[in-house]
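Data file: work25.pdb. Format and content: PDB, C-alpha atoms.
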```pdb
ATOM      1  CA  MET A   1      60.088  72.014  82.049
ATOM      2  CA  ALA A   2      60.596  74.225  85.116
ATOM      3  CA  PRO A   3      60.507  78.002  84.619
ATOM      4  CA  ALA A   4      63.786  79.893  84.421
ATOM      5  CA  GLN A   5      65.157  81.224  87.706
ATOM      6  CA  ARG A   6      68.099  83.464  88.507
ATOM      7  CA  CYS A   7      70.638  82.511  91.204
ATOM      8  CA  PRO A   8      72.408  85.630  92.615
ATOM      9  CA  LEU A   9      75.210  83.555  94.171
ATOM     10  CA  CYS A  10      76.096  81.596  91.050
ATOM     11  CA  ARG A  11      75.160  84.516  88.758
ATOM     12  CA  GLN A  12      73.436  82.322  86.218
ATOM     13  CA  THR A  13      69.988  81.249  85.100
ATOM     14  CA  PHE A  14      68.937  77.651  85.728
ATOM     15  CA  PHE A  15      65.939  75.570  84.620
ATOM     16  CA  CYS A  16      66.139  72.693  87.087
ATOM     17  CA  GLY A  17      63.830  74.226  89.695
ATOM     18  CA  ARG A  18      64.708  73.775  93.367
ATOM     19  CA  GLY A  19      67.334  71.181  92.551
ATOM     20  CA  HIS A  20      69.898  73.892  91.789
ATOM     21  CA  VAL A  21      70.425  74.775  95.467
ATOM     22  CA  TYR A  22      71.605  71.210  96.142
ATOM     23  CA  SER A  23      74.176  71.260  93.376
ATOM     24  CA  ARG A  24      77.866  71.185  94.170
ATOM     25  CA  LYS A  25      78.558  74.508  92.459
ATOM     26  CA  HIS A  26      75.874  76.369  94.385
ATOM     27  CA  GLN A  27      77.009  75.002  97.730
ATOM     28  CA  ARG A  28      80.598  75.965  96.938
ATOM     29  CA  GLN A  29      79.603  79.527  96.029
ATOM     30  CA  LEU A  30      77.462  79.761  99.199
ATOM     31  CA  LYS A  31      80.368  78.650 101.385
ATOM     32  CA  VAL A  32      82.749  81.192  99.808
ATOM     33  CA  ALA A  33      80.251  84.045 100.289
ATOM     34  CA  LEU A  34      79.617  83.185 103.954
ATOM     35  CA  GLU A  35      83.330  82.861 104.685
ATOM     36  CA  ARG A  36      83.856  86.333 103.198
ATOM     37  CA  LEU A  37      81.343  87.872 105.653
ATOM     38  CA  LEU A  38      82.262  85.782 108.698
ATOM     39  CA  PRO A  39      85.539  87.615 109.692
ATOM     40  CA  GLN A  40      83.723  90.955 109.876
ATOM     41  CA  VAL A  41      80.988  89.462 112.048
ATOM     42  CA  GLU A  42      83.547  87.856 114.385
ATOM     43  CA  ALA A  43      85.401  91.183 114.738
ATOM     44  CA  ALA A  44      82.098  92.838 115.664
ATOM     45  CA  ARG A  45      81.411  90.136 118.273
ATOM     46  CA  LYS A  46      84.700  90.917 119.999
ATOM     47  CA  ALA A  47      83.543  94.515 120.481
ATOM     48  CA  ILE A  48      80.497  93.444 122.535
ATOM     49  CA  ARG A  49      82.393  93.232 125.804
ATOM     50  CA  ALA A  50      84.840  96.081 125.185
ATOM     51  CA  ALA A  51      83.527  98.786 122.895
ATOM     52  CA  GLN A  52      86.172 101.036 121.330
ATOM     53  CA  VAL A  53      85.474 104.756 120.936
ATOM     54  CA  GLU A  54      87.724 106.828 118.662
ATOM     55  CA  ARG A  55      87.775 110.253 117.101
ATOM     56  CA  TYR A  56      85.921 110.400 113.798
ATOM     57  CA  VAL A  57      87.927 110.054 110.592
ATOM     58  CA  PRO A  58      86.647 109.643 106.998
ATOM     59  CA  GLU A  59      87.720 105.983 107.003
ATOM     60  CA  HIS A  60      84.919 105.235 109.473
ATOM     61  CA  GLU A  61      82.372 105.678 106.667
ATOM     62  CA  ARG A  62      83.121 102.212 105.315
ATOM     63  CA  SER A  63      80.281  99.780 104.739
ATOM     64  CA  CYS A  64      79.976  96.032 104.267
ATOM     65  CA  TRP A  65      77.588  93.881 102.234
ATOM     66  CA  CYS A  66      75.049  91.827 104.171
ATOM     67  CA  LEU A  67      74.555  88.594 102.251
ATOM     68  CA  CYS A  68      71.290  87.714 103.962
ATOM     69  CA  CYS A  69      69.579  91.110 103.547
ATOM     70  CA  SER A  70      71.199  91.908 100.154
ATOM     71  CA  CYS A  71      72.047  95.455 101.220
ATOM     72  CA  GLU A  72      74.968  97.563 102.372
ATOM     73  CA  VAL A  73      75.382  98.157 106.103
ATOM     74  CA  ARG A  74      77.536 100.822 107.780
ATOM     75  CA  LYS A  75      80.311  99.096 109.634
ATOM     76  CA  HIS A  76      80.829 101.716 112.363
ATOM     77  CA  LEU A  77      78.479 103.980 114.293
ATOM     78  CA  SER A  78      79.407 107.697 114.176
ATOM     79  CA  HIS A  79      77.891 110.678 115.917
ATOM     80  CA  GLY A  80      79.503 114.104 115.725
ATOM     81  CA  ASN A  81      83.246 113.729 116.118
ATOM     82  CA  LEU A  82      83.058 110.336 117.862
ATOM     83  CA  THR A  83      82.884 106.850 116.355
ATOM     84  CA  VAL A  84      82.031 103.529 117.990
ATOM     85  CA  LEU A  85      83.848 100.800 116.135
ATOM     86  CA  HIS A  86      81.630  97.985 114.744
ATOM     87  CA  GLY A  87      78.571  99.676 116.255
ATOM     88  CA  GLY A  88      76.644  99.872 112.971
ATOM     89  CA  LEU A  89      77.187  96.209 112.086
ATOM     90  CA  LEU A  90      76.178  95.015 115.565
ATOM     91  CA  GLU A  91      73.027  97.108 115.441
ATOM     92  CA  HIS A  92      72.098  95.563 112.094
ATOM     93  CA  LEU A  93      72.831  91.986 113.188
ATOM     94  CA  ALA A  94      70.626  92.428 116.273
ATOM     95  CA  SER A  95      67.661  93.866 114.343
ATOM     96  CA  PRO A  96      64.551  91.680 113.796
ATOM     97  CA  GLU A  97      64.623  92.466 110.067
ATOM     98  CA  HIS A  98      68.039  90.856 109.759
ATOM     99  CA  LYS A  99      66.895  87.805 111.709
ATOM    100  CA  LYS A 100      63.896  87.355 109.434
ATOM    101  CA  ALA A 101      66.012  87.779 106.287
ATOM    102  CA  THR A 102      68.600  85.315 107.637
ATOM    103  CA  ASN A 103      65.981  82.616 108.213
ATOM    104  CA  LYS A 104      64.659  83.121 104.675
ATOM    105  CA  PHE A 105      68.175  83.038 103.173
ATOM    106  CA  TRP A 106      69.050  79.812 105.006
ATOM    107  CA  TRP A 107      65.815  78.182 103.853
ATOM    108  CA  GLU A 108      66.179  79.178 100.211
ATOM    109  CA  ASN A 109      69.881  78.290  99.847
ATOM    110  CA  LYS A 110      69.929  75.198 102.122
ATOM    111  CA  ALA A 111      72.967  76.399 104.099
ATOM    112  CA  GLU A 112      74.342  74.607 107.151
ATOM    113  CA  PHE A 113      72.082  75.156 110.146
ATOM    114  CA  GLN A 114      74.977  75.291 112.619
ATOM    115  CA  MET A 115      76.427  78.426 110.931
ATOM    116  CA  LYS A 116      73.254  80.474 111.171
ATOM    117  CA  GLU A 117      73.813  81.447 114.818
ATOM    118  CA  LYS A 118      77.180  82.968 113.912
ATOM    119  CA  PHE A 119      75.446  85.635 111.806
ATOM    120  CA  LEU A 120      72.894  86.629 114.466
ATOM    121  CA  ILE A 121      73.251  88.777 117.600
ATOM    122  CA  SER A 122      70.886  88.122 120.479
ATOM    123  CA  PRO A 123      69.164  91.017 122.294
ATOM    124  CA  GLN A 124      71.090  90.151 125.461
ATOM    125  CA  ASP A 125      74.449  90.532 123.659
ATOM    126  CA  TYR A 126      73.363  93.823 122.136
ATOM    127  CA  ALA A 127      72.315  95.161 125.568
ATOM    128  CA  ARG A 128      75.724  94.134 126.894
ATOM    129  CA  PHE A 129      77.300  96.041 124.023
ATOM    130  CA  LYS A 130      75.327  99.171 124.940
ATOM    131  CA  LYS A 131      76.669  99.050 128.486
ATOM    132  CA  SER A 132      80.248  98.626 127.306
ATOM    133  CA  MET A 133      79.686 101.485 124.845
ATOM    134  CA  VAL A 134      78.683 103.810 127.718
ATOM    135  CA  LYS A 135      81.826 102.820 129.624
ATOM    136  CA  GLY A 136      83.933 103.405 126.540
ATOM    137  CA  LEU A 137      82.462 106.884 126.081
ATOM    138  CA  ASP A 138      83.209 107.757 129.708
ATOM    139  CA  SER A 139      86.807 106.557 129.471
ATOM    140  CA  TYR A 140      87.265 108.453 126.204
ATOM    141  CA  GLU A 141      85.979 111.661 127.794
ATOM    142  CA  GLU A 142      88.390 111.182 130.717
ATOM    143  CA  LYS A 143      91.299 110.768 128.314
ATOM    144  CA  GLU A 144      90.225 113.842 126.402
ATOM    145  CA  ASP A 145      90.031 115.855 129.644
ATOM    146  CA  GLU A 146      93.555 114.768 130.556
ATOM    147  CA  VAL A 147      94.835 115.771 127.131
ATOM    148  CA  ILE A 148      93.104 119.152 127.423
ATOM    149  CA  LYS A 149      94.622 119.702 130.867
ATOM    150  CA  GLU A 150      98.098 118.874 129.571
ATOM    151  CA  MET A 151      97.664 121.262 126.663
ATOM    152  CA  ALA A 152      96.425 123.999 129.006
ATOM    153  CA  ALA A 153      99.460 123.486 131.263
ATOM    154  CA  GLN A 154     101.794 123.778 128.271
ATOM    155  CA  ILE A 155     100.039 126.963 127.139
ATOM    156  CA  ARG A 156     100.280 128.486 130.628
ATOM    157  CA  GLU A 157     103.966 127.593 130.846
ATOM    158  CA  ALA A 158     104.674 129.156 127.434
ATOM    159  CA  GLU A 159     102.752 132.300 128.404
ATOM    160  CA  HIS A 160     104.634 132.541 131.708
ATOM    161  CA  SER A 161     108.007 132.242 129.957
ATOM    162  CA  ARG A 162     106.970 134.891 127.413
ATOM    163  CA  GLN A 163     105.968 137.289 130.180
ATOM    164  CA  GLU A 164     109.297 136.696 131.918
ATOM    165  CA  VAL A 165     111.183 137.594 128.746
ATOM    166  CA  VAL A 166     109.102 140.750 128.234
ATOM    167  CA  ARG A 167     109.558 141.781 131.885
ATOM    168  CA  SER A 168     113.337 141.289 131.701
ATOM    169  CA  VAL A 169     113.527 143.457 128.580
ATOM    170  CA  LEU A 170     111.331 146.266 129.936
ATOM    171  CA  GLU A 171     113.044 146.523 133.335
ATOM    172  CA  PRO A 172     115.447 149.558 133.510
ATOM    173  CA  GLN A 173     119.089 148.530 133.865
ATOM    174  CA  ALA A 174     121.175 150.600 136.285
ATOM    175  CA  VAL A 175     124.583 151.701 135.013
ATOM    176  CA  PRO A 176     127.163 150.075 137.316
ATOM    177  CA  ASP A 177     130.252 151.787 138.609
ATOM    178  CA  PRO A 178     133.267 151.068 136.381
ATOM    179  CA  GLU A 179     135.397 150.555 139.503
ATOM    180  CA  GLU A 180     133.390 147.434 140.339
ATOM    181  CA  GLY A 181     135.366 145.539 137.738
ATOM    182  CA  SER A 182     133.966 142.174 136.701
ATOM    183  CA  SER A 183     130.887 142.292 138.929
ATOM    184  CA  ALA A 184     128.548 142.753 135.947
ATOM    185  CA  PRO A 185     130.537 142.614 132.704
ATOM    186  CA  GLY A 186     127.520 141.841 130.512
ATOM    187  CA  ARG A 187     125.493 144.809 131.741
ATOM    188  CA  TRP A 188     128.499 147.091 131.532
ATOM    189  CA  LYS A 189     128.987 146.171 127.866
ATOM    190  CA  GLY A 190     125.301 146.714 127.117
ATOM    191  CA  THR A 191     125.254 150.159 128.736
ATOM    192  CA  ASN A 192     128.475 151.124 126.981
ATOM    193  CA  SER A 193     127.008 150.158 123.615
ATOM    194  CA  GLN A 194     123.850 152.183 124.363
ATOM    195  CA  VAL A 195     125.877 155.229 125.381
ATOM    196  CA  ALA A 196     128.047 154.908 122.272
ATOM    197  CA  SER A 197     125.042 154.642 119.971
ATOM    198  CA  ALA A 198     123.429 157.662 121.671
ATOM    199  CA  SER A 199     126.611 159.678 121.206
ATOM    200  CA  GLN A 200     126.787 158.688 117.528
ATOM    201  CA  GLN A 201     123.190 159.760 116.971
ATOM    202  CA  SER A 202     123.798 163.128 118.640
ATOM    203  CA  SER A 203     126.906 163.685 116.511
ATOM    204  CA  TYR A 204     124.813 163.575 113.316
ATOM    205  CA  LEU A 205     122.387 166.279 114.464
ATOM    206  CA  ASN A 206     123.263 169.948 113.716
ATOM    207  CA  LEU A 207     126.924 169.715 114.642
ATOM    208  CA  PRO A 208     129.589 171.794 112.854
ATOM    209  CA  PRO A 209     131.866 169.836 110.502
ATOM    210  CA  ALA A 210     135.118 168.699 111.976
ATOM    211  CA  PRO A 211     138.171 170.604 110.781
ATOM    212  CA  GLU A 212     140.443 168.871 108.329
ATOM    213  CA  LEU A 213     143.608 167.498 109.791
ATOM    214  CA  ASP A 214     146.885 168.827 108.638
ATOM    215  CA  TRP A 215     148.376 165.738 107.110
ATOM    216  CA  MET A 216     151.593 167.495 106.216
ATOM    217  CA  GLU A 217     152.633 167.877 109.835
ATOM    218  CA  THR A 218     155.851 166.248 110.834
ATOM    219  CA  GLY A 219     155.614 163.012 112.698
ATOM    220  CA  GLN A 220     152.498 161.772 110.869
ATOM    221  CA  PRO A 221     152.807 158.181 109.607
ATOM    222  CA  LEU A 222     150.618 158.868 106.494
ATOM    223  CA  THR A 223     151.380 160.959 103.414
ATOM    224  CA  PHE A 224     148.727 163.279 101.972
ATOM    225  CA  ILE A 225     148.663 163.086  98.166
ATOM    226  CA  GLY A 226     146.103 165.855  97.690
ATOM    227  CA  HIS A 227     142.454 165.916  96.709
ATOM    228  CA  GLN A 228     141.588 163.810  93.652
ATOM    229  CA  ASP A 229     138.488 165.761  92.567
ATOM    230  CA  THR A 230     138.562 166.758  88.901
ATOM    231  CA  PRO A 231     137.636 170.454  88.484
ATOM    232  CA  GLY A 232     134.357 170.962  86.685
ATOM    233  CA  VAL A 233     133.361 167.277  86.894
ATOM    234  CA  GLY A 234     131.365 165.997  89.847
ATOM    235  CA  ASN A 235     130.921 162.475  91.185
ATOM    236  CA  ILE A 236     128.096 160.510  92.723
ATOM    237  CA  HIS A 237     129.082 161.723  96.187
ATOM    238  CA  SER A 238     128.639 165.342  95.180
ATOM    239  CA  GLY A 239     125.266 164.749  93.510
ATOM    240  CA  ALA A 240     126.421 164.458  89.886
ATOM    241  CA  THR A 241     124.892 162.093  87.351
ATOM    242  CA  PRO A 242     126.475 158.615  87.434
ATOM    243  CA  PRO A 243     128.634 157.787  84.394
ATOM    244  CA  TRP A 244     126.411 154.882  83.360
ATOM    245  CA  MET A 245     123.474 157.279  83.021
ATOM    246  CA  VAL A 246     125.300 159.927  81.011
ATOM    247  CA  GLN A 247     124.196 159.900  77.364
ATOM    248  CA  ASP A 248     126.952 159.597  74.763
ATOM    249  CA  GLU A 249     127.455 162.391  72.269
ATOM    250  CA  GLU A 250     127.010 160.194  69.216
ATOM    251  CA  TYR A 251     123.644 158.924  70.502
ATOM    252  CA  SER A 252     122.489 162.222  72.014
ATOM    253  CA  SER A 253     120.780 163.371  68.801
ATOM    254  CA  GLY A 254     118.655 160.231  68.681
ATOM    255  CA  SER A 255     118.886 160.068  64.855
ATOM    256  CA  GLN A 256     120.811 156.798  64.722
ATOM    257  CA  GLN A 257     118.536 153.765  64.663
ATOM    258  CA  ILE A 258     119.383 150.665  66.627
ATOM    259  CA  GLY A 259     119.165 147.463  64.626
ATOM    260  CA  PRO A 260     118.074 146.861  61.006
ATOM    261  CA  SER A 261     115.274 148.844  59.420
ATOM    262  CA  TYR A 262     111.926 147.403  58.394
ATOM    263  CA  GLU A 263     112.875 147.389  54.698
ATOM    264  CA  GLU A 264     116.066 145.454  55.415
ATOM    265  CA  PHE A 265     114.065 142.980  57.451
ATOM    266  CA  LEU A 266     111.667 142.379  54.529
ATOM    267  CA  LYS A 267     114.574 141.874  52.119
ATOM    268  CA  GLU A 268     116.203 139.358  54.443
ATOM    269  CA  LYS A 269     112.917 137.549  54.863
ATOM    270  CA  GLU A 270     112.534 137.297  51.071
ATOM    271  CA  LYS A 271     116.062 135.906  50.774
ATOM    272  CA  GLN A 272     115.293 133.243  53.347
ATOM    273  CA  LYS A 273     112.243 132.201  51.314
ATOM    274  CA  LEU A 274     114.304 131.951  48.107
ATOM    275  CA  LYS A 275     116.911 129.758  49.846
ATOM    276  CA  LYS A 276     114.299 127.059  50.353
ATOM    277  CA  LEU A 277     113.637 126.821  46.587
ATOM    278  CA  PRO A 278     115.786 124.567  44.307
ATOM    279  CA  PRO A 279     118.874 126.439  43.050
ATOM    280  CA  ASP A 280     118.596 125.014  39.480
ATOM    281  CA  ARG A 281     115.062 126.206  38.882
ATOM    282  CA  VAL A 282     114.140 128.211  35.814
ATOM    283  CA  GLY A 283     114.812 131.901  36.382
ATOM    284  CA  ALA A 284     116.851 131.467  39.548
ATOM    285  CA  ASN A 285     119.636 133.773  38.335
ATOM    286  CA  PHE A 286     117.323 136.289  36.692
ATOM    287  CA  ASP A 287     117.908 139.862  37.794
ATOM    288  CA  HIS A 288     114.528 141.417  38.356
ATOM    289  CA  SER A 289     116.023 144.869  38.808
ATOM    290  CA  SER A 290     117.514 144.997  35.287
ATOM    291  CA  SER A 291     115.865 147.155  32.646
ATOM    292  CA  THR A 292     114.677 145.450  29.469
ATOM    293  CA  GLY A 293     113.263 146.669  26.208
ATOM    294  CA  ALA A 294     109.760 146.324  24.971
ATOM    295  CA  GLY A 295     110.742 143.610  22.468
ATOM    296  CA  TRP A 296     112.469 141.334  25.002
ATOM    297  CA  LEU A 297     111.209 137.791  25.371
ATOM    298  CA  PRO A 298     112.554 135.069  27.643
ATOM    299  CA  SER A 299     114.686 132.472  25.890
ATOM    300  CA  PHE A 300     114.529 129.683  28.467
ATOM    301  CA  GLY A 301     112.648 126.562  27.379
ATOM    302  CA  ARG A 302     113.062 127.387  23.639
ATOM    303  CA  VAL A 303     109.302 127.447  23.278
ATOM    304  CA  TRP A 304     109.366 130.408  20.889
ATOM    305  CA  ASN A 305     112.077 128.914  18.664
ATOM    306  CA  ASN A 306     111.279 127.352  15.333
ATOM    307  CA  GLY A 307     111.439 123.612  14.998
ATOM    308  CA  ARG A 308     110.313 120.624  16.990
ATOM    309  CA  ARG A 309     110.739 119.976  20.685
ATOM    310  CA  TRP A 310     113.252 117.182  20.229
ATOM    311  CA  GLN A 311     115.465 119.577  18.293
ATOM    312  CA  SER A 312     115.437 121.963  21.257
ATOM    313  CA  ARG A 313     116.275 119.074  23.593
ATOM    314  CA  HIS A 314     119.293 118.059  21.487
ATOM    315  CA  GLN A 315     120.368 121.667  21.314
ATOM    316  CA  PHE A 316     120.231 121.961  25.105
ATOM    317  CA  LYS A 317     122.355 118.829  25.515
ATOM    318  CA  THR A 318     124.941 120.100  23.012
ATOM    319  CA  GLU A 319     125.224 123.461  24.771
ATOM    320  CA  ALA A 320     125.504 121.797  28.188
ATOM    321  CA  ALA A 321     128.323 119.513  26.988
ATOM    322  CA  ALA A 322     130.207 122.456  25.515
ATOM    323  CA  ARG A 323     129.763 124.422  28.741
ATOM    324  CA  ASN A 324     131.145 121.526  30.785
ATOM    325  CA  LYS A 325     134.224 121.262  28.537
ATOM    326  CA  GLN A 326     134.957 124.948  28.988
ATOM    327  CA  GLN A 327     134.796 124.592  32.746
TER     328      GLN A 327
END
```
Take the structure from the file and write it as structure tokens.
Amino acid sequence: MAPAQRCPLCRQTFFCGRGHVYSRKHQRQLKVALERLLPQVEAARKAIRAAQVERYVPEHERSCWCLCCSCEVRKHLSHGNLTVLHGGLLEHLASPEHKKATNKFWWENKAEFQMKEKFLISPQDYARFKKSMVKGLDSYEEKEDEVIKEMAAQIREAEHSRQEVVRSVLEPQAVPDPEEGSSAPGRWKGTNSQVASASQQSSYLNLPPAPELDWMETGQPLTFIGHQDTPGVGNIHSGATPPWMVQDEEYSSGSQQIGPSYEEFLKEKEKQKLKKLPPDRVGANFDHSSSTGAGWLPSFGRVWNNGRRWQSRHQFKTEAAARNKQQ
């Protein structure tokens, strides 16, 4: 009997020796595995003549599984902030280690000989890829220079417009002659507003108060009803305390307490606890505050009465029936 061997493609142990690689199941699994790797190799072959260079992104760290070498291979080739698409896979396919492992894999698994060349890159093709990669880097640098120039032009234009705005604001504006009319209406309005604001500011500084107008003169359209100030009581305009901050007389002493006291809170809490208990329990209606003598004994349960328990039970039933009739 042949020794046990492990097939990584079929993922099982077989005892038939070398005959397992010729089986239908093994050949089917081999074909599926090669077809899974073939599209990635074909995409890398297309990049030999026209290498693509892009800015580095985290997605470029992807890797693929090399079936012949039984290892993971980086799909793209990255350096700094630049990435050459399919550069890592092409470098691996052109290496002599991959060629040696491919020959061994084809011999051990008895794969089709015509497909082996599809998974190998010749040194001539890899040299051609290097040349196209240099061209791709040059074209990428030219594009980046153009983008940088465009950005610099936009920055210069924005800076120029900002300086123009600052210069127009800082330039002194001459006050035009009012007789010119509509020659510069915008500037005339601006200067008028500045003069008005300056006059208002000067009016607030150390000027005597204006005399009160005599509203009782004849010919005035308004009627003066007199001052409404209450004597002895100020308002917020005269510096008095606002009414919502004045303390009431009944609360001025501070003796009245707001809300229930702590003792009332404890009593209410005890009542809430008693509400949860059954109302017909023994001693529910007992007044604990009542004064009793030294010879008092509780009568509930009839445990201190003479006689048997069943007599007490019948006595309870008789009393309950009589109490129900009275109600």
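You will find CA of Cys66 in chain A at 18.0 Å from CA of Phe113 in chain A.
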Exercise: His60 in chain A partners within 9 Å, all atoms listed in the file, chain neighbours under 3 positions left out, as a PyMOL selection string: chain A and resi 56-57+63+74-78+83+85
Using the chain letters and numbering of this document, enumerate as a PyMOL selection string the residues selected by the PyMOL selection byres ((chain A and resi 45) around 12). chain A and resi 38-44+46-51+85-87+89-91+93-94+118-122+125-126+128-129
CA of Met133 in chain A to CA of Arg62 in chain A, straight-line distance in Å: 19.8 Å
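Between CA of Arg6 in chain A and CA of Lys110 in chain A lies a distance of 16.0 Å.
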Compare A:Gln27, A:Thr318, A:Gln12, A:Thr241 by their minimum atom-to-atom distance to Glu108 in chain A, counting all atoms listed in the file, and give me the closest one.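 When distances to Glu108 in chain A are compared using all atoms listed in the file, the smallest one comes from A:Gln27.
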Would you write out, as a JSON list (two decimals) with C-alpha atoms, in the coordinates of the input, every residue that the PyMOL selection byres ((chain A and resi 140) around 12) captures in this file?
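See part.json below for the written result:
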```json
[["chain", "number", "residue", "atom", "x", "y", "z"],
["A", 51, "ALA", "CA", 83.53, 98.79, 122.90],
["A", 52, "GLN", "CA", 86.17, 101.04, 121.33],
["A", 53, "VAL", "CA", 85.47, 104.76, 120.94],
["A", 54, "GLU", "CA", 87.72, 106.83, 118.66],
["A", 55, "ARG", "CA", 87.78, 110.25, 117.10],
["A", 82, "LEU", "CA", 83.06, 110.34, 117.86],
["A", 83, "THR", "CA", 82.88, 106.85, 116.36],
["A", 84, "VAL", "CA", 82.03, 103.53, 117.99],
["A", 133, "MET", "CA", 79.69, 101.48, 124.84],
["A", 134, "VAL", "CA", 78.68, 103.81, 127.72],
["A", 135, "LYS", "CA", 81.83, 102.82, 129.62],
["A", 136, "GLY", "CA", 83.93, 103.40, 126.54],
["A", 137, "LEU", "CA", 82.46, 106.88, 126.08],
["A", 138, "ASP", "CA", 83.21, 107.76, 129.71],
["A", 139, "SER", "CA", 86.81, 106.56, 129.47],
["A", 141, "GLU", "CA", 85.98, 111.66, 127.79],
["A", 142, "GLU", "CA", 88.39, 111.18, 130.72],
["A", 143, "LYS", "CA", 91.30, 110.77, 128.31],
["A", 144, "GLU", "CA", 90.22, 113.84, 126.40],
["A", 145, "ASP", "CA", 90.03, 115.86, 129.64],
["A", 146, "GLU", "CA", 93.56, 114.77, 130.56],
["A", 147, "VAL", "CA", 94.84, 115.77, 127.13]]
```
Closest of A:Glu164, A:Leu274, A:Glu157, A:Tyr22 to Glu112 in chain A - atom-to-atom distances counting all atoms listed in the file: A:Tyr22
Got a minute to add all heavy atoms to range 124-129 of chain A and dump it as a PDB file, in the frame of the given file?
```
ATOM      1  N   GLN A 124      70.285  90.061 124.243  1.00  0.00           N
ATOM      2  CA  GLN A 124      71.090  90.151 125.461  1.00  0.00           C
ATOM      3  C   GLN A 124      72.516  90.626 125.135  1.00  0.00           C
ATOM      4  O   GLN A 124      73.087  91.463 125.859  1.00  0.00           O
ATOM      5  CB  GLN A 124      71.143  88.797 126.171  1.00  0.00           C
ATOM      6  CG  GLN A 124      69.817  88.331 126.736  1.00  0.00           C
ATOM      7  CD  GLN A 124      68.917  87.731 125.666  1.00  0.00           C
ATOM      8  OE1 GLN A 124      69.360  87.483 124.534  1.00  0.00           O
ATOM      9  NE2 GLN A 124      67.647  87.490 126.024  1.00  0.00           N
ATOM     10  N   ASP A 125      73.094  90.087 124.039  1.00  0.00           N
ATOM     11  CA  ASP A 125      74.449  90.532 123.659  1.00  0.00           C
ATOM     12  C   ASP A 125      74.460  91.995 123.235  1.00  0.00           C
ATOM     13  O   ASP A 125      75.408  92.729 123.536  1.00  0.00           O
ATOM     14  CB  ASP A 125      74.972  89.652 122.524  1.00  0.00           C
ATOM     15  CG  ASP A 125      75.226  88.227 122.973  1.00  0.00           C
ATOM     16  OD1 ASP A 125      75.356  88.009 124.196  1.00  0.00           O
ATOM     17  OD2 ASP A 125      75.280  87.324 122.104  1.00  0.00           O
ATOM     18  N   TYR A 126      73.406  92.429 122.569  1.00  0.00           N
ATOM     19  CA  TYR A 126      73.363  93.823 122.136  1.00  0.00           C
ATOM     20  C   TYR A 126      73.201  94.767 123.332  1.00  0.00           C
ATOM     21  O   TYR A 126      73.773  95.864 123.347  1.00  0.00           O
ATOM     22  CB  TYR A 126      72.228  94.028 121.135  1.00  0.00           C
ATOM     23  CG  TYR A 126      72.233  95.395 120.496  1.00  0.00           C
ATOM     24  CD1 TYR A 126      73.269  95.778 119.657  1.00  0.00           C
ATOM     25  CD2 TYR A 126      71.214  96.297 120.747  1.00  0.00           C
ATOM     26  CE1 TYR A 126      73.286  97.031 119.081  1.00  0.00           C
ATOM     27  CE2 TYR A 126      71.214  97.561 120.165  1.00  0.00           C
ATOM     28  CZ  TYR A 126      72.262  97.931 119.339  1.00  0.00           C
ATOM     29  OH  TYR A 126      72.278  99.182 118.758  1.00  0.00           O
ATOM     30  N   ALA A 127      72.440  94.353 124.352  1.00  0.00           N
ATOM     31  CA  ALA A 127      72.315  95.161 125.568  1.00  0.00           C
ATOM     32  C   ALA A 127      73.659  95.244 126.291  1.00  0.00           C
ATOM     33  O   ALA A 127      74.029  96.306 126.825  1.00  0.00           O
ATOM     34  CB  ALA A 127      71.251  94.569 126.476  1.00  0.00           C
ATOM     35  N   ARG A 128      74.396  94.112 126.286  1.00  0.00           N
ATOM     36  CA  ARG A 128      75.724  94.134 126.894  1.00  0.00           C
ATOM     37  C   ARG A 128      76.650  95.087 126.128  1.00  0.00           C
ATOM     38  O   ARG A 128      77.500  95.771 126.729  1.00  0.00           O
ATOM     39  CB  ARG A 128      76.295  92.714 126.902  1.00  0.00           C
ATOM     40  CG  ARG A 128      77.525  92.555 127.789  1.00  0.00           C
ATOM     41  CD  ARG A 128      78.052  91.127 127.777  1.00  0.00           C
ATOM     42  NE  ARG A 128      77.034  90.202 128.232  1.00  0.00           N
ATOM     43  CZ  ARG A 128      76.445  89.279 127.479  1.00  0.00           C
ATOM     44  NH1 ARG A 128      76.780  89.179 126.190  1.00  0.00           N
ATOM     45  NH2 ARG A 128      75.541  88.450 127.966  1.00  0.00           N
ATOM     46  N   PHE A 129      76.483  95.123 124.822  1.00  0.00           N
ATOM     47  CA  PHE A 129      77.300  96.041 124.023  1.00  0.00           C
ATOM     48  C   PHE A 129      76.967  97.503 124.339  1.00  0.00           C
ATOM     49  O   PHE A 129      77.859  98.349 124.383  1.00  0.00           O
ATOM     50  CB  PHE A 129      77.069  95.758 122.535  1.00  0.00           C
ATOM     51  CG  PHE A 129      77.643  96.799 121.619  1.00  0.00           C
ATOM     52  CD1 PHE A 129      79.005  96.913 121.432  1.00  0.00           C
ATOM     53  CD2 PHE A 129      76.802  97.680 120.946  1.00  0.00           C
ATOM     54  CE1 PHE A 129      79.530  97.882 120.594  1.00  0.00           C
ATOM     55  CE2 PHE A 129      77.319  98.644 120.117  1.00  0.00           C
ATOM     56  CZ  PHE A 129      78.687  98.750 119.936  1.00  0.00           C
TER      57      PHE A 129
END
```
